[in-house]
Each structure stands twice: as C-alpha cells, then as structure tokens.
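Structure data follow from entry_39.txt (compact mmCIF, C-alpha atoms):
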```txt
# COMPACT_ATOMS: atom_id res chain seq x y z
CA MET A 1 12.71 -76.05 -41.45
CA ASN A 2 15.76 -77.22 -43.31
CA ALA A 3 16.39 -77.29 -46.99
CA SER A 4 17.23 -80.47 -48.82
CA SER A 5 19.88 -81.18 -51.40
CA SER A 6 17.42 -82.73 -53.82
CA ARG A 7 13.81 -82.53 -52.68
CA ALA A 8 11.48 -80.62 -50.39
CA PRO A 9 12.50 -80.56 -46.71
CA SER A 10 10.92 -83.13 -44.43
CA SER A 11 11.91 -81.80 -41.01
CA CYS A 12 9.77 -79.57 -38.84
CA THR A 13 9.87 -77.99 -35.41
CA ALA A 14 8.95 -79.94 -32.31
CA SER A 15 5.51 -78.33 -32.24
CA CYS A 16 4.52 -79.35 -35.78
CA ASP A 17 1.66 -81.74 -36.52
CA ARG A 18 3.58 -84.99 -36.67
CA GLY A 19 0.94 -87.52 -35.68
CA ARG A 20 2.11 -90.70 -33.99
CA ARG A 21 4.42 -92.11 -36.61
CA PRO A 22 8.05 -92.87 -35.72
CA ARG A 23 10.31 -89.85 -35.76
CA VAL A 24 13.66 -88.46 -34.74
CA VAL A 25 13.74 -85.40 -32.49
CA LEU A 26 17.02 -83.47 -32.46
CA LEU A 27 17.26 -82.23 -28.88
CA GLY A 28 20.76 -80.77 -29.31
CA THR A 29 22.97 -80.59 -32.39
CA ALA A 30 26.31 -79.14 -31.22
CA GLY A 31 29.43 -81.18 -30.55
CA GLY A 32 32.31 -80.55 -28.21
CA THR A 33 32.72 -78.88 -24.84
CA THR A 34 32.31 -75.33 -26.11
CA THR A 35 29.29 -73.10 -25.52
CA TRP A 36 28.88 -71.79 -29.05
CA SER A 37 27.86 -68.22 -29.79
CA PRO A 38 24.59 -67.40 -31.54
CA ARG A 39 25.09 -67.57 -35.28
CA ALA A 40 25.46 -64.67 -37.66
CA ASP A 41 22.19 -65.64 -39.38
CA GLY A 42 20.33 -64.97 -36.15
CA ARG A 43 19.71 -68.57 -35.15
CA PRO A 44 20.18 -69.33 -31.45
CA THR A 45 23.03 -71.17 -29.77
CA ARG A 46 22.97 -74.93 -30.33
CA HIS A 47 22.57 -77.16 -27.29
CA GLY A 48 24.76 -80.17 -26.56
CA ILE A 49 24.40 -83.37 -28.54
CA SER A 50 21.28 -85.41 -27.82
CA THR A 51 18.89 -87.26 -30.12
CA ALA A 52 15.52 -88.79 -29.31
CA VAL A 53 13.90 -91.58 -31.30
CA VAL A 54 10.15 -91.70 -30.72
CA VAL A 55 8.33 -94.92 -31.57
CA GLY A 56 4.78 -95.67 -30.43
CA ASP A 57 4.38 -94.50 -26.85
CA ARG A 58 8.07 -94.54 -25.95
CA ILE A 59 10.99 -92.12 -26.17
CA TYR A 60 14.57 -93.38 -26.52
CA VAL A 61 17.25 -90.75 -25.84
CA VAL A 62 20.71 -91.25 -27.34
CA ASP A 63 23.35 -89.17 -25.51
CA GLN A 64 22.62 -86.54 -22.92
CA GLY A 65 24.61 -83.45 -23.87
CA ALA A 66 24.35 -80.03 -22.23
CA GLY A 67 20.76 -78.83 -21.95
CA SER A 68 19.14 -82.07 -23.12
CA ALA A 69 16.84 -82.35 -20.08
CA ARG A 70 15.51 -78.88 -20.82
CA GLN A 71 15.22 -79.60 -24.52
CA LEU A 72 13.29 -82.81 -23.95
CA THR A 73 10.86 -80.90 -21.75
CA ILE A 74 10.36 -78.27 -24.46
CA ALA A 75 10.01 -80.87 -27.22
CA ASP A 76 7.53 -82.94 -25.16
CA PRO A 77 7.37 -85.49 -27.98
CA LEU A 78 4.19 -87.23 -26.76
CA GLY A 79 2.40 -84.15 -25.46
CA ARG A 80 2.34 -85.15 -21.80
CA GLY A 81 3.03 -81.72 -20.34
CA ARG A 82 5.97 -80.56 -18.26
CA GLY A 83 5.10 -82.59 -15.19
CA SER A 84 4.89 -85.91 -17.04
CA VAL A 85 7.17 -85.51 -20.04
CA LEU A 86 9.60 -88.20 -18.83
CA ARG A 87 7.04 -90.87 -18.01
CA ASP A 88 7.39 -92.34 -21.51
CA LEU A 89 11.14 -92.97 -21.43
CA GLY A 90 11.87 -96.30 -23.05
CA ALA A 91 15.65 -96.17 -22.58
CA LEU A 92 18.65 -93.89 -22.27
CA LEU A 93 21.60 -94.80 -24.49
CA ILE A 94 25.17 -93.49 -24.46
CA THR A 95 27.39 -93.77 -27.52
CA HIS A 96 30.61 -93.15 -25.57
CA LEU A 97 31.71 -91.50 -22.37
CA HIS A 98 33.07 -88.16 -23.54
CA SER A 99 31.70 -85.44 -21.28
CA ASP A 100 29.80 -83.59 -24.03
CA HIS A 101 27.64 -86.71 -24.47
CA ILE A 102 26.79 -87.35 -20.82
CA VAL A 103 27.02 -84.06 -18.92
CA ASP A 104 23.23 -83.69 -18.64
CA LEU A 105 22.59 -87.27 -17.50
CA PRO A 106 22.44 -86.16 -13.83
CA CYS A 107 19.95 -83.44 -14.80
CA LEU A 108 17.67 -86.00 -16.44
CA LEU A 109 17.84 -88.19 -13.35
CA HIS A 110 17.24 -85.38 -10.85
CA TRP A 111 14.61 -83.57 -12.92
CA GLY A 112 12.97 -86.90 -13.67
CA ARG A 113 11.78 -87.26 -10.09
CA GLU A 114 9.59 -84.18 -10.68
CA GLN A 115 8.65 -84.83 -14.29
CA GLY A 116 7.03 -88.24 -14.32
CA TRP A 117 9.91 -90.73 -14.26
CA PRO A 118 8.55 -94.23 -15.00
CA PRO A 119 7.80 -96.40 -11.96
CA GLU A 120 10.18 -99.11 -13.17
CA PRO A 121 13.92 -98.51 -13.69
CA VAL A 122 14.73 -97.20 -17.17
CA PRO A 123 17.39 -99.13 -19.13
CA LEU A 124 20.61 -97.12 -19.35
CA ILE A 125 22.72 -98.63 -22.11
CA GLY A 126 26.32 -97.62 -22.70
CA PRO A 127 29.94 -98.69 -23.02
CA GLY A 128 31.54 -101.05 -20.56
CA PRO A 129 35.05 -100.75 -19.11
CA LEU A 130 38.03 -101.29 -21.39
CA PRO A 131 41.72 -101.82 -20.65
CA LEU A 132 43.71 -98.94 -22.03
CA SER A 133 45.92 -99.65 -25.01
CA THR A 134 49.61 -99.45 -24.19
CA ARG A 135 49.83 -97.00 -27.11
CA ALA A 136 47.03 -94.77 -25.89
CA TYR A 137 48.11 -91.32 -24.71
CA ALA A 138 51.77 -92.32 -24.92
CA GLY A 139 53.95 -89.75 -23.19
CA ARG A 140 50.91 -87.92 -21.76
CA ARG A 141 51.05 -89.07 -18.11
CA ALA A 142 48.22 -91.56 -18.61
CA GLY A 143 48.45 -92.86 -15.04
CA ILE A 144 47.51 -89.44 -13.65
CA ALA A 145 44.91 -88.77 -16.32
CA THR A 146 43.08 -92.08 -15.99
CA GLY A 147 43.71 -93.22 -12.43
CA GLY A 148 44.68 -96.68 -13.59
CA ALA A 149 44.94 -99.06 -16.53
CA VAL A 150 41.21 -99.42 -17.25
CA ARG A 151 38.87 -96.86 -18.75
CA PRO A 152 35.71 -96.93 -16.59
CA GLY A 153 32.35 -97.86 -18.10
CA THR A 154 28.75 -96.79 -17.69
CA ALA A 155 28.23 -98.59 -14.39
CA SER A 156 31.15 -96.66 -12.90
CA LEU A 157 29.70 -93.43 -14.25
CA VAL A 158 26.39 -94.03 -12.48
CA LYS A 159 28.13 -95.12 -9.28
CA GLY A 160 30.13 -91.89 -9.35
CA LEU A 161 27.02 -89.77 -9.87
CA VAL A 162 25.27 -91.49 -6.99
CA HIS A 163 28.24 -90.73 -4.73
CA ALA A 164 28.59 -87.14 -5.96
CA PHE A 165 24.96 -86.30 -5.22
CA ARG A 166 24.64 -88.27 -1.99
CA ALA A 167 23.97 -85.20 0.15
CA ASP A 168 21.15 -84.13 -2.15
CA THR A 169 19.74 -87.65 -2.31
CA ILE A 170 19.65 -88.07 1.46
CA ASP A 171 17.51 -84.97 1.84
CA ARG A 172 15.19 -85.75 -1.06
CA VAL A 173 14.73 -89.41 -0.14
CA LEU A 174 14.33 -88.96 3.62
CA GLY A 175 12.70 -85.55 3.51
CA ALA A 176 10.60 -85.55 0.36
CA GLY A 177 10.12 -89.27 -0.18
CA ARG A 178 11.74 -89.30 -3.62
CA PRO A 179 13.41 -92.46 -4.98
CA PRO A 180 17.22 -92.62 -4.79
CA LEU A 181 19.12 -92.05 -8.02
CA GLU A 182 20.34 -95.63 -8.20
CA ASP A 183 16.74 -96.87 -8.38
CA LEU A 184 15.88 -94.80 -11.47
CA VAL A 185 17.98 -96.70 -14.02
CA ARG A 186 19.12 -100.24 -14.76
CA VAL A 187 22.59 -100.17 -16.33
CA ARG A 188 23.35 -102.48 -19.26
CA GLU A 189 26.91 -102.26 -20.51
CA VAL A 190 27.44 -103.14 -24.16
CA PRO A 191 29.92 -106.03 -24.52
CA VAL A 192 33.23 -104.84 -25.91
CA PRO A 193 34.78 -106.72 -28.83
CA GLY A 194 38.55 -106.72 -29.33
CA ARG A 195 40.12 -103.46 -30.41
CA ASP A 196 40.93 -105.00 -33.81
CA GLU A 197 37.32 -106.09 -34.43
CA THR A 198 35.72 -102.79 -35.46
CA THR A 199 34.02 -104.43 -38.45
CA ALA A 200 32.84 -107.49 -36.54
CA GLY A 201 29.15 -106.68 -37.07
CA SER A 202 26.42 -105.44 -34.78
CA ALA A 203 25.00 -106.88 -31.57
CA PRO A 204 21.51 -106.51 -30.05
CA VAL A 205 21.35 -104.31 -26.95
CA LEU A 206 17.62 -103.72 -26.41
CA GLU A 207 14.32 -105.15 -27.57
CA ASP A 208 10.84 -104.21 -26.37
CA ALA A 209 7.36 -103.95 -27.84
CA ASN A 210 8.36 -100.96 -29.99
CA VAL A 211 11.95 -101.30 -31.12
CA ARG A 212 14.92 -103.56 -31.59
CA VAL A 213 18.20 -101.72 -30.97
CA SER A 214 21.60 -102.94 -32.08
CA ALA A 215 25.06 -101.47 -31.66
CA THR A 216 28.30 -101.59 -33.57
CA LEU A 217 31.75 -100.42 -32.55
CA VAL A 218 32.91 -97.33 -34.45
CA GLU A 219 36.20 -95.47 -34.83
CA HIS A 220 36.64 -92.64 -32.31
CA GLY A 221 40.37 -92.80 -31.84
CA ASP A 222 41.59 -93.84 -28.40
CA MET A 223 38.23 -92.90 -26.86
CA ALA A 224 36.97 -96.46 -26.94
CA PRO A 225 34.63 -98.15 -26.84
CA ALA A 226 32.40 -95.90 -28.93
CA TYR A 227 29.18 -97.16 -30.49
CA ALA A 228 26.65 -96.36 -33.18
CA TYR A 229 23.08 -97.49 -32.61
CA ARG A 230 20.43 -98.75 -35.02
CA PHE A 231 16.70 -98.67 -34.17
CA ASP A 232 14.50 -101.08 -36.13
CA PHE A 233 10.72 -100.83 -35.81
CA ASP A 234 7.58 -101.48 -37.80
CA GLY A 235 7.80 -99.23 -40.83
CA GLY A 236 11.43 -98.24 -40.76
CA ALA A 237 14.88 -97.93 -39.23
CA VAL A 238 17.08 -95.13 -37.92
CA VAL A 239 20.85 -95.16 -37.35
CA ILE A 240 22.69 -92.73 -35.06
CA SER A 241 26.43 -92.61 -35.65
CA GLY A 242 27.71 -91.23 -32.37
CA ASP A 243 31.22 -89.83 -32.71
CA THR A 244 33.30 -91.56 -35.36
CA GLY A 245 35.68 -91.17 -38.22
CA PRO A 246 34.74 -92.81 -41.53
CA CYS A 247 34.00 -96.41 -40.63
CA ASP A 248 32.95 -99.47 -42.65
CA ALA A 249 31.13 -100.92 -39.64
CA LEU A 250 28.85 -97.89 -39.55
CA VAL A 251 28.12 -98.18 -43.27
CA GLU A 252 27.11 -101.80 -42.80
CA LEU A 253 24.91 -100.90 -39.82
CA ALA A 254 23.10 -98.24 -41.87
CA VAL A 255 22.32 -100.38 -44.94
CA GLY A 256 18.54 -100.58 -45.27
CA ALA A 257 17.87 -97.72 -42.84
CA ASP A 258 15.53 -94.84 -43.65
CA VAL A 259 17.41 -92.11 -41.78
CA LEU A 260 21.11 -91.81 -40.95
CA VAL A 261 21.87 -89.24 -38.24
CA HIS A 262 25.59 -88.60 -38.59
CA GLU A 263 28.14 -86.37 -36.92
CA ALA A 264 30.13 -83.82 -38.93
CA ILE A 265 33.13 -81.59 -38.40
CA SER A 266 34.03 -78.68 -40.65
CA PRO A 267 37.52 -77.69 -41.80
CA HIS A 268 36.61 -74.28 -40.34
CA PHE A 269 37.10 -75.79 -36.89
CA ALA A 270 40.84 -75.08 -37.06
CA ALA A 271 40.35 -71.33 -37.48
CA SER A 272 37.53 -71.36 -34.94
CA ARG A 273 39.86 -72.82 -32.34
CA PHE A 274 43.22 -71.22 -33.07
CA GLY A 275 42.62 -68.46 -35.60
CA ALA A 276 44.25 -68.26 -39.00
CA PRO A 277 47.22 -70.57 -39.80
CA PRO A 278 50.07 -71.29 -39.54
CA TYR A 279 49.80 -73.31 -36.33
CA ASP A 280 52.59 -74.20 -33.94
CA ALA A 281 53.41 -77.83 -33.16
CA ALA A 282 51.16 -78.07 -30.10
CA GLN A 283 48.21 -76.51 -31.95
CA GLN A 284 48.68 -78.80 -34.94
CA GLN A 285 48.88 -81.86 -32.69
CA SER A 286 45.61 -80.82 -31.04
CA LEU A 287 43.90 -80.32 -34.42
CA ASP A 288 45.20 -83.62 -35.79
CA HIS A 289 43.88 -85.40 -32.69
CA VAL A 290 40.37 -83.97 -33.21
CA PHE A 291 40.12 -84.38 -36.99
CA ALA A 292 41.38 -87.98 -36.89
CA LYS A 293 38.47 -89.22 -34.80
CA HIS A 294 35.62 -87.32 -36.43
CA THR A 295 34.07 -87.31 -39.92
CA SER A 296 34.62 -84.33 -42.19
CA VAL A 297 31.44 -82.85 -43.60
CA ARG A 298 33.11 -83.39 -46.98
CA ALA A 299 33.15 -87.17 -46.38
CA VAL A 300 29.77 -87.79 -44.76
CA GLY A 301 27.87 -87.74 -48.07
CA ASP A 302 29.94 -90.64 -49.34
CA ILE A 303 29.14 -92.63 -46.20
CA ALA A 304 25.41 -92.08 -46.70
CA ALA A 305 25.70 -93.02 -50.38
CA ARG A 306 27.57 -96.23 -49.56
CA ALA A 307 24.83 -97.21 -47.12
CA GLY A 308 22.08 -96.35 -49.61
CA VAL A 309 20.01 -94.37 -47.10
CA PRO A 310 17.46 -91.92 -48.52
CA THR A 311 17.85 -89.28 -45.77
CA LEU A 312 21.02 -87.93 -44.13
CA VAL A 313 20.76 -85.71 -41.05
CA LEU A 314 23.85 -83.80 -39.92
CA THR A 315 24.34 -83.30 -36.19
CA HIS A 316 27.11 -82.98 -33.56
CA LEU A 317 28.19 -79.99 -35.64
CA VAL A 318 31.65 -78.58 -34.91
CA PRO A 319 32.05 -75.66 -34.92
CA GLY A 320 28.50 -75.12 -33.75
CA ASP A 321 28.17 -71.52 -34.92
CA LEU A 322 28.50 -71.99 -38.69
CA PRO A 323 25.45 -71.11 -40.83
CA ALA A 324 23.43 -74.01 -42.18
CA ASP A 325 24.45 -73.30 -45.78
CA ALA A 326 28.11 -73.83 -44.90
CA TRP A 327 27.27 -77.39 -43.87
CA ARG A 328 24.84 -78.16 -46.67
CA ASP A 329 27.08 -76.85 -49.43
CA ALA A 330 30.00 -78.98 -48.22
CA VAL A 331 28.15 -82.30 -48.58
CA THR A 332 29.09 -84.09 -51.81
CA GLY A 333 28.63 -87.50 -53.36
CA PHE A 334 25.09 -88.06 -52.06
CA ASP A 335 21.89 -87.75 -54.10
CA GLY A 336 19.42 -88.16 -51.25
CA GLN A 337 17.89 -85.69 -48.87
CA VAL A 338 20.32 -83.73 -46.67
CA ILE A 339 18.99 -82.09 -43.50
CA VAL A 340 21.29 -79.82 -41.52
CA GLY A 341 20.04 -80.47 -38.02
CA GLU A 342 18.68 -77.68 -35.87
CA ASP A 343 17.74 -78.03 -32.22
CA LEU A 344 14.17 -79.31 -31.77
CA ASP A 345 13.80 -80.32 -35.42
CA VAL A 346 11.62 -83.37 -35.96
CA VAL A 347 12.48 -85.77 -38.77
CA PRO A 348 9.59 -88.15 -39.49
CA VAL A 349 10.31 -91.63 -40.76
CA GLN A 350 8.18 -91.43 -43.87
CA GLU A 351 5.17 -93.70 -44.19
CA GLU A 352 5.63 -93.32 -47.94
CA ARG A 353 9.39 -93.68 -48.14
CA PRO A 354 11.61 -91.82 -50.60
CA PRO A 355 13.22 -94.07 -53.21
CA ARG A 356 15.96 -96.13 -51.60
CA LEU A 357 19.33 -95.42 -53.12
CA ARG A 358 21.67 -98.00 -54.56
CA VAL A 359 23.97 -99.41 -51.90
CA ARG A 360 27.67 -98.94 -52.51
CA ARG A 361 29.31 -101.72 -50.53
CA PRO A 362 32.53 -100.93 -48.65
CA SER A 363 35.55 -101.78 -50.78
CA GLY A 364 36.91 -105.24 -50.18
CA ARG A 365 33.83 -106.45 -48.29
```
Now, as a test, write the supplied structure out as structure tokens.
Amino acid sequence: MNASSSRAPSSCTASCDRGRRPRVVLLGTAGGTTTWSPRADGRPTRHGISTAVVVGDRIYVVDQGAGSARQLTIADPLGRGRGSVLRDLGALLITHLHSDHIVDLPCLLHWGREQGWPPEPVPLIGPGPLPLSTRAYAGRRAGIATGGAVRPGTASLVKGLVHAFRADTIDRVLGAGRPPLEDLVRVREVPVPGRDETTAGSAPVLEDANVRVSATLVEHGDMAPAYAYRFDFDGGAVVISGDTGPCDALVELAVGADVLVHEAISPHFAASRFGAPPYDAAQQQSLDHVFAKHTSVRAVGDIAARAGVPTLVLTHLVPGDLPADAWRDAVTGFDGQVIVGEDLDVVPVQEERPPRLRVRRPSGR
C-alpha cells in the first residue's frame, strides 16, 4: 500500500477485495529503456510502463511496456484465471510509439492466443503517421534514423510485427490452427492535429457500453504525436497522461476527473545516468533532451492542483529505483491524495468520492 500526502491510502495490491467498481491497475510503473535494479528498501524491480483501466466486465490497457503481458496475467483483474485472463480486453491504447511503451505488444498478441483472446478483433488505438518537422533532429542524420520524411504510425507498427513474426505465424496458423496476428486487432489511428494545436481540445477515440475515451495531444518534444487519454464512465473519470512535459491541454483534459495518473521524472536521473556533475557537452545535451519532454516530480503537483483532481498517481517513474519517499516528498502544491505507484497496485475510483478540489484554470485561458 502507498501512503498519501493528506489522507489514508486508497491503493491496494491486485489481490485485494476490490469488488466490481471501476479501478486503475498499475501493471508497470517504470519509464525508459533501462532495466532498473531492485531498490534499496527491498522492493522489487519495476516493470515497464503499462496501466489498465477496469470498468464493468472490460479491461482497457494503456501502453504495453516490458513485462506487461506477464503483469496482466498476474493481476487477473476480473478473476478469469491464467487461461482466460485476456478474454475481457476492451481495447489496447498506445500513448506514443517510444519503444518502452510498446515493446510488450507482440507478447500480448502472441500470448493472447493461449490466454483467451476475444473472438472479435480488439481495438488497438494509437498515433497515426506524422511528417517530421524540418527542425526535428537537426544535424543528427535524420534520413538514416527515420528511413524517410514521415514518422510511421500504429498501423505501420502492426504491419511490421506481422512481418517480423511471419515464420512463427505460419507454423501456428497452419499447424496449430491459431488465428494470424493481423486478425487479433483492429487498428484505429488517432487523427493528428497540426503541430501548433496542442491546446486544441480533446477528441473521442472509443465508445462502448462501458466507457467513453477521448484523447488530447500533449507535449513530448519531437516524439510526436503523443497523447493523453481520458476514460469517462458511470461514476467517475480517469486520465492517463502518457509521456509529456507540463501541458495546458492535459490540465484541461483532467478537469472533473477523479484520478490523474501522471508521469514523473526526478532530478536524480542525471546522477543515475552519468554520475555526479559536472557533465560534458554531450552528456548535458542528452540530459536536456530528456528533461525537456518529461514532467519533473516537483511540477506534477501543480498540474494536479490546476485540474482540481482529488487523487494523483505517479507512474512512469525515472529513475525507477528511487524509494517511494523520494517521490512523495518531492510533490508540492497539491492538497489531494498522492499515491506513488507500485507495480500491481489497484486504485479504486471511489464510490464515495473525496472532496473535489478547486480548479485552477491555466493562465490566459
């Protein structure tokens, strides 16, 4: 369980008695492409970023970081058992196409054949293609790095996975009678607004009997498009930030939500990556690049306060081996509940909600 900044904790492990009310399940809480060491306080290594929203009889998984297929099996949010844990997938969503957010997508697809994948294709919602800015990666041999002038989208990702695993698929389809990978999902690419329209509001991306999901474009540097998602359902709303720096569009998306699940990076990341300062020019450029497109743990409390949410959950924690107190103690400017996410924590959306905080509107809006 996690402590709160102002009231008793309201998270529990995946095995706790949580009933059937809507809830957030933190499958993995680490950010980045590092396998973090176990922490000094004895807690285990964090898995890659992945968050499940469970509403009614459906599970919606946002991002598929390293180990998320395993973690979803362990969490088993609806108690189906290992062989059927994936039968309740309502949708897979991708905030952006950095590898630490999608590396376990092929595992979910392959393992899904053996673990109860739904008979109908599951919606896979993510970014579409985007022409690269002429300023992006200037002087960094972009033509070699990207293979062209367009950043591929989610449909290209799935097409590439299908091609990469063709040998496996041939054997499993023809030999074992399993469905081909391309039949497991139905890709829906989120329309991309102009690069200068990051506060243009949210757009609906999914609606079914349980949830209405909307997306807004957030600020993740030149790794665009990057989205935050909001889940609205009977009795509440949850917002998942994805990767972003401080962003007015995210604040607006989160107004009226019950839970804001937000990324955080610690100033300790610099020493974790390069040791004690001073840093040479190349090291400083690398650090500046990372810090500019993420949200400092020292700033995330202000974002939650501006949105007026009662509960803030920290995830995508970088570095992933800091003790929980280091994260909690760094949050300022927020009077609500702060939960430092741990893998397999469950955050219920309260039936009796905490008092909603006063909204602090973004300046100039």
Report the distance between atom CA of Phe291 of chain A and atom CA of Val346 of chain A in Å, rounded to one decimal place.
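Taking atom CA of Phe291 of chain A and atom CA of Val346 of chain A, their separation equals 28.5 Å.
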Test item: which residues lie within 9 Å of (21.2, -92.4, -47.7) counting all atoms listed in the file, as number ranges by chain:
A: 254-260, 301, 303-312, 334-338, 356-359
List as a PyMOL selection string: which residues have an atom within 6 Å of (24.7, -93.4, -36.2), counting only C-alpha atoms?
chain A and resi 228-229+239-242+261-262
Could you please determine the separation between atom CA of Leu92 of chain A and atom CA of Asp243 of chain A in Å, to one decimal place?
16.8 Å
Of the listed residues A:Leu344, A:Leu124, A:Ala270, A:Leu174, that which approaches Val205 of chain A most closely, counting only C-alpha atoms
A:Leu124
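If you measure from each of A:Asp41, A:Asp88, A:Asp343, A:Asp104 to Ile59 of chain A using all atoms listed in the file, the closest one turns out to be A:Asp88.
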Pick from A:Leu322, A:Pro348, A:Gly333, A:Asp248 nearest to Arg43 of chain A, counting only C-alpha atoms:
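With only C-alpha atoms as the atom set, the closest residue is A:Leu322.
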Contacts of Gly42 of chain A within 12 Å, all atoms listed in the file, excl. fewer than 3 positions in-chain, as number ranges by chain
A: 37-39, 45-46, 321-324
Report, in Å with one decimal, the straight-line distance from atom CA of Asp57 of chain A to atom CA of Val190 of chain A.
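The value is 24.8 Å.
The closest residue to Leu206 of chain A, picked from A:Leu314, A:Thr51, A:Leu93, A:Arg23 and counting only C-alpha atoms, is A:Leu93.
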Which residue, A:Gly28, A:Pro77, A:Pro129, A:Pro180, has the smallest gap to Arg113 of chain A when you use only C-alpha atoms?
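With only C-alpha atoms as the atom set, the closest residue is A:Pro180.
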Give me the residues within 10 Å of Asp183 of chain A as a ChimeraX atom specification, counting only C-alpha atoms and dropping any in the same chain fewer than 3 places off.
/A:119-122,179-180,186
Which is closest to Ser266 of chain A among A:Arg178, A:Gly31, A:Gly160, A:Gly128, if we use only C-alpha atoms?
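Closest to Ser266 of chain A of all the choices is A:Gly31.
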Quick one: everything within 9 Å of segment 210-224 of chain A, counting all atoms listed in the file, minus sequence neighbours fewer than 3 positions away in the same chain. Send it as a PyMOL selection string.
chain A and resi 55-58+96-98+127+130+132-133+135-137+151+190+192-193+195+197-207+227-234+241-250+253+289-290+292-294
How about completing segment 296-312 of chain A with N, CA and C atoms and giving it to me as a PDB file, in the coordinates of the input?
```pdb
ATOM      1  N   SER A 296      34.733 -85.608 -41.498  1.00  0.00           N
ATOM      2  CA  SER A 296      34.620 -84.330 -42.190  1.00  0.00           C
ATOM      3  C   SER A 296      33.268 -84.235 -42.887  1.00  0.00           C
ATOM      4  N   VAL A 297      32.687 -83.059 -42.877  1.00  0.00           N
ATOM      5  CA  VAL A 297      31.440 -82.850 -43.600  1.00  0.00           C
ATOM      6  C   VAL A 297      31.618 -83.167 -45.087  1.00  0.00           C
ATOM      7  N   ARG A 298      32.841 -83.089 -45.576  1.00  0.00           N
ATOM      8  CA  ARG A 298      33.110 -83.390 -46.980  1.00  0.00           C
ATOM      9  C   ARG A 298      33.078 -84.898 -47.258  1.00  0.00           C
ATOM     10  N   ALA A 299      33.137 -85.714 -46.208  1.00  0.00           N
ATOM     11  CA  ALA A 299      33.150 -87.170 -46.380  1.00  0.00           C
ATOM     12  C   ALA A 299      31.833 -87.830 -46.020  1.00  0.00           C
ATOM     13  N   VAL A 300      30.963 -87.138 -45.293  1.00  0.00           N
ATOM     14  CA  VAL A 300      29.770 -87.790 -44.760  1.00  0.00           C
ATOM     15  C   VAL A 300      28.777 -88.156 -45.867  1.00  0.00           C
ATOM     16  N   GLY A 301      28.754 -87.398 -46.959  1.00  0.00           N
ATOM     17  CA  GLY A 301      27.870 -87.740 -48.070  1.00  0.00           C
ATOM     18  C   GLY A 301      28.227 -89.079 -48.684  1.00  0.00           C
ATOM     19  N   ASP A 302      29.502 -89.358 -48.799  1.00  0.00           N
ATOM     20  CA  ASP A 302      29.940 -90.640 -49.340  1.00  0.00           C
ATOM     21  C   ASP A 302      29.512 -91.794 -48.448  1.00  0.00           C
ATOM     22  N   ILE A 303      29.571 -91.587 -47.141  1.00  0.00           N
ATOM     23  CA  ILE A 303      29.140 -92.630 -46.200  1.00  0.00           C
ATOM     24  C   ILE A 303      27.664 -92.931 -46.387  1.00  0.00           C
ATOM     25  N   ALA A 304      26.843 -91.883 -46.498  1.00  0.00           N
ATOM     26  CA  ALA A 304      25.410 -92.080 -46.700  1.00  0.00           C
ATOM     27  C   ALA A 304      25.130 -92.770 -48.033  1.00  0.00           C
ATOM     28  N   ALA A 305      25.890 -92.398 -49.062  1.00  0.00           N
ATOM     29  CA  ALA A 305      25.700 -93.020 -50.380  1.00  0.00           C
ATOM     30  C   ALA A 305      26.073 -94.493 -50.343  1.00  0.00           C
ATOM     31  N   ARG A 306      27.154 -94.829 -49.658  1.00  0.00           N
ATOM     32  CA  ARG A 306      27.570 -96.230 -49.560  1.00  0.00           C
ATOM     33  C   ARG A 306      26.524 -97.062 -48.846  1.00  0.00           C
ATOM     34  N   ALA A 307      25.857 -96.480 -47.856  1.00  0.00           N
ATOM     35  CA  ALA A 307      24.830 -97.210 -47.120  1.00  0.00           C
ATOM     36  C   ALA A 307      23.502 -97.255 -47.879  1.00  0.00           C
ATOM     37  N   GLY A 308      23.314 -96.359 -48.841  1.00  0.00           N
ATOM     38  CA  GLY A 308      22.080 -96.350 -49.610  1.00  0.00           C
ATOM     39  C   GLY A 308      20.888 -95.771 -48.877  1.00  0.00           C
ATOM     40  N   VAL A 309      21.128 -94.951 -47.839  1.00  0.00           N
ATOM     41  CA  VAL A 309      20.010 -94.370 -47.100  1.00  0.00           C
ATOM     42  C   VAL A 309      19.377 -93.239 -47.913  1.00  0.00           C
ATOM     43  N   PRO A 310      18.071 -93.017 -47.802  1.00  0.00           N
ATOM     44  CA  PRO A 310      17.460 -91.920 -48.520  1.00  0.00           C
ATOM     45  C   PRO A 310      17.596 -90.561 -47.844  1.00  0.00           C
ATOM     46  N   THR A 311      17.801 -90.536 -46.507  1.00  0.00           N
ATOM     47  CA  THR A 311      17.850 -89.280 -45.770  1.00  0.00           C
ATOM     48  C   THR A 311      19.073 -89.250 -44.858  1.00  0.00           C
ATOM     49  N   LEU A 312      19.837 -88.177 -44.956  1.00  0.00           N
ATOM     50  CA  LEU A 312      21.020 -87.930 -44.130  1.00  0.00           C
ATOM     51  C   LEU A 312      20.765 -86.695 -43.281  1.00  0.00           C
TER      52      LEU A 312
END
```
